[in-house]
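These notes are about the structure you will find just below.
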There are 2 protein chains.
Amino acid sequence: MGPFTRVGCMRRFDGMWRAVADVGRDRRGGYARDAWSAADLELREWFRQEAGLRDLAVREDRNGNLWAWWGDPGSRPGVVTGSHLDSVRQGGAFDGPLGVVSAFAAIDALRERGVRPGRPLGVACFTDEEGARFGVPCVGSRLLTGVLDPARACGLTDDEGDTLADVLRAAGRSPQALGRDEETLRHVGVFVELHVEQGKGLVDEDAAVGVASAIRPHGRWRFDFRGRADHAGTTLLADRDDPMLPFARTVLLAREAAERHGVVATVGKVRVEPGSANAIPARVSAWLDARGPEESAVRALVAELTGAAGAEVECESWTPVVDFDAALRDRLAGALGGVPVLPTGAGHDAGVLASAGVPSAMVFVRNPTGISHSPEEYAEPGDCHAGVAALARVLEELCD
Amino acid sequence: MGPFTRVGCMRRFDGMWRAVADVGRDRRGGYARDAWSAADLELREWFRQEAGLRDLAVREDRNGNLWAWWGDPGSRPGVVTGSHLDSVRQGGAFDGPLGVVSAFAAIDALRERGVRPGRPLGVACFTDEEGARFGVPCVGSRLLTGVLDPARACGLTDDEGDTLADVLRAAGRSPQALGRDEETLRHVGVFVELHVEQGKGLVDEDAAVGVASAIRPHGRWRFDFRGRADHAGTTLLADRDDPMLPFARTVLLAREAAERHGVVATVGKVRVEPGSANAIPARVSAWLDARGPEESAVRALVAELTGAAGAEVECESWTPVVDFDAALRDRLAGALGGVPVLPTGAGHDAGVLASAGVPSAMVFVRNPTGISHSPEEYAEPGDCHAGVAALARVLEELCD
């Protein structure tokens, strides 16, 4: 029994939520919690403190992911829950932290009810899930599972030109240690990630929580349009090689082709060099995010854009469809009294682990607007509490 | 007679050119000399040292412009030459520094020939001509002449969100001091700016140097396209309000309309918020640079784009046509033996001063490719030396 037995786990949830609410928040209410930024380091310290308050033993693995254990994970593979604490830029409060805060609160709930888990129970915080800083999502879980090559990861650069290796060294970590981590993976018998829903499936189903069926195939491609820098005022139109024009055509084609192929396509990040108002650009780099129900349709979209764009195109990440373990999914939905089961178009660490053979599942909490990756991202307190209760039930079921 | 009489002024020119060649240079050979950056501060210190070596008295005016005087400018209005030391990002070596280095070398040339000017002779370095950092060009000369409101200048922000007032304070300057500076303006009887040509007019005329007739009307407009941030993977196309789409349409329309109106239009700077690959943008801000032979045509272009874009549009700067003082221009061209006289589409501090009633002129040095605002910007050493000789002749003529 931990020190919080006299305090309702939901009040603990609310207190934790307030404790992280201002970390990395900007003046307009959005969050900037880039991996390894000051805000991220503060949240990692918060994670250690919350674990300490509960007598959970904290380890940081070789790839920067944090693990807080109730019981010895060396004794037998554990049941792990958690999510991530970094955010997209100008992101919302819920994507990531809801899963970590709910994990600690669910442990409090189990302890309040006197549950003693029959297996080691862990809380995980994966590093750099969003890829806001280095452009590649799920860096922590992809390195852990060996999907992301450590040498490639080390060479990823942020907007300042610093590599991930530089940033890790500055944070006192060792880039040489990155890579597939068998020991840590052996600790994870099953993984359950609770997450705010990023669509309106649960609104339509009139349910506070649900369980994921699958993650749709998705990927990220970088398009580099090259031209010739020159003076904006003195260069005749006919003498220009302006990469802004094929870039703009590609943005419009991406939308039109996405409708035709039945997928979604987004250009949300653009880098212009030199980026001066009075200079024709030398280069425009644009990131295309594309996802859909069918891999073939996403592939066809990207092939069409690559053919038309006249750009160098590099696939920065590709995740095939992830069907979560059906037996596990049904077991969770059953334990929760038959909640809705629904797919998502968003990538998650749970999907990376599932693809690597770790039985994994996700619990979604209703989002009244469906908006995510925005300061408007939201879940009602009552639904968050329902999420904690559901997660506690699931953990109890899995630890049994 | 200064200390350089035994050294040819052209060798002094070459030495100065080498001294500044690596300041603010990036790995790819381009320059980043934002106003008040470490590189800019180093160049300002270089300016003070070169002035000191020549026993020129240096003053920094209230707006951060530097002045090095041979003779007392309080005695009677002086003849001033110079340019700027800041650059666009990934810019070339010549735009700005060529005019300052040539100014010092021209003084050396006069002293070698034993000329004792009959009027005070000054070398000026104007602050933040390019506007690379805060988005508004010719900040130093516009503040000096009162064209730019000091309160508006103080509130300009750079990419880090720092205001010009913040940056000035950090550099030990007083933002309160900004504004029209009558005392400094009284010192400037006439201003001559030497500059690398930013087109191929002198190549076509087969001449190493020329004199400016006029600066074409030009302006800069900021287009803010607003939408709603949301998740790139989970938001249906039909539910999106993606500002990247009207932005892309505006880029293409700007090019097409520029051809129709007989002007040039450029989108060289774009800011996407939040700027994450997996988020639909909340906002896309784009800067339009438009210029042409006729004011009415530029105005018509901007009106057409404003009507079609669905964006908030703000004019950040507008400079009507500047016809340089005809008598001064003819006097210079005559002193140089009838060199070509040609207009330019590029803005300059000389244009700002001319508009404010200071008799001003420009001397251009041939650019073999016409490329500017790029690492490829270039002038042959022999043409640079011809520029120094021409500037010395002009100064001697004007000081007489």
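By convention here, the chains of the structure tokens are called A, B, ... in the order presented, each chain's residues are numbered starting at 1, and ligands are numbered starting at 1 in the order presented.
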Inset, instruction - May I have the residues within 8 Å of Arg249 of chain A as a VMD selection string, using only C-alpha atoms and disregarding those fewer than 6 positions away in the same chain? - result: (chain A and resid 309) or (chain B and resid 248 252)
Inset, instruction - Select residues of chain B: the criterion is any atom within 6 Å of an atom of chain A, counting only C-alpha atoms; output as number ranges by chain. - result: B: 89-90, 132, 198-199, 229-234, 248, 266, 268-269, 274-277, 279-281, 287, 345-346, 371-374
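Taking atom CA of Ser355 of chain A and atom CA of Val322 of chain A as the two end points, the separation is 6.5 Å.
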Inset, instruction - Might you pull out every residue within 9 Å of Asp181 of chain B, with only C-alpha atoms counted and same-chain residues fewer than 4 positions away left off, and present them as a ChimeraX atom specification? - result: /B:61-63,143-146,185-186
Inset, instruction - Write out as a PyMOL selection string the residues lying within 9 Å of segment 337-341 of chain B, counting only C-alpha atoms and excluding same-chain residues fewer than 2 positions away. - result: chain B and resi 201-202+205+207-213+329-330+332-335+343
Selection file, C-alpha atoms, as a short mmCIF file (atom, residue, chain, number, x, y, z; two decimals), in the first residue's frame:
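Full text of out.cif as output:
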data_model
loop_
_atom_site.label_atom_id
_atom_site.label_comp_id
_atom_site.auth_asym_id
_atom_site.auth_seq_id
_atom_site.Cartn_x
_atom_site.Cartn_y
_atom_site.Cartn_z
CA GLY B 201 23.06 45.89 -66.99
CA LEU B 202 26.80 46.57 -66.87
CA GLU B 205 27.02 47.66 -71.52
CA ALA B 207 31.44 48.53 -68.44
CA ALA B 208 33.10 47.88 -65.06
CA VAL B 209 31.16 50.61 -63.26
CA GLY B 210 27.97 52.62 -63.72
CA VAL B 211 25.77 55.15 -61.98
CA ALA B 212 22.19 54.62 -60.79
CA SER B 213 19.31 56.53 -62.34
CA ARG B 329 23.98 61.74 -61.16
CA ASP B 330 25.15 63.61 -64.27
CA LEU B 332 29.18 61.62 -61.27
CA ALA B 333 28.73 60.05 -64.69
CA GLY B 334 30.72 62.93 -66.19
CA ALA B 335 33.53 62.63 -63.65
CA PRO B 343 17.92 51.82 -62.88
#
Legend entry - For Gly82 of chain B, the nearest of the candidates B:Gly52, B:Pro175, B:Gly29, B:Gly96, counting only C-alpha atoms: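 Going through B:Gly52, B:Pro175, B:Gly29, B:Gly96 one by one, the smallest distance to Gly82 of chain B is for B:Gly96.
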Inset, instruction - Would you mind listing what lies within 7 Å of Pro150 of chain A as a list in words, with only C-alpha atoms counted and same-chain residues fewer than 4 positions away left out? - result: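 These residues fall inside the cut-off: Leu143, Cys154, Leu178 and Gly179 of chain A.
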Inset, instruction - Pick out each residue of segment 116-291 of chain B that DSSP on the backbone tags as helix (DSSP H, G or I); I need them as a ChimeraX atom specification. - result: /B:139-145,150-155,164-170,175-177,182-187,201-205,237-239,244-261
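For Leu85 of chain B, the list of residues within 7 Å, based on only C-alpha atoms and with local chain neighbours fewer than 2 positions off taken out, reads Leu43, Ser87, Gly96, Pro97 and Cys125 of chain B.
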Inset, instruction - State, in Å with one decimal place, the distance from atom CA of Ala379 of chain A to atom CA of Val196 of chain A. - result: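 A separation of 7.1 Å between them.
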Inset, instruction - Tell me, as a PyMOL selection string, which residues lie within 7 Å of Asp349 of chain A, counting only C-alpha atoms; anything in the same chain fewer than 5 positions away does not count. - result: chain A and resi 129+138+141
Please dump the current selection as a PDB file, in the first residue's frame; keep N, CA and C atoms.
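Written output follows (result-v6.pdb):
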ATOM      1  N   GLU A 129       8.302  10.692 -28.947  1.00  0.00           N
ATOM      2  CA  GLU A 129       7.285   9.998 -29.719  1.00  0.00           C
ATOM      3  C   GLU A 129       6.852  10.820 -30.925  1.00  0.00           C
ATOM      4  N   CYS A 138       8.424   8.443 -32.866  1.00  0.00           N
ATOM      5  CA  CYS A 138       8.627   7.202 -32.102  1.00  0.00           C
ATOM      6  C   CYS A 138      10.094   6.785 -32.062  1.00  0.00           C
ATOM      7  N   SER A 141      10.895   4.210 -29.010  1.00  0.00           N
ATOM      8  CA  SER A 141      10.431   2.827 -29.160  1.00  0.00           C
ATOM      9  C   SER A 141      11.025   2.171 -30.408  1.00  0.00           C
TER      10      SER A 141
END
Inset, instruction - Using DSSP on the backbone coordinates, identify all residues within segment 213-314 of chain B classified as strand (DSSP E or B); present the result as a ChimeraX atom specification. - result: /B:213-215,218-226,230-231,264-273,279-280,283-291,312-314
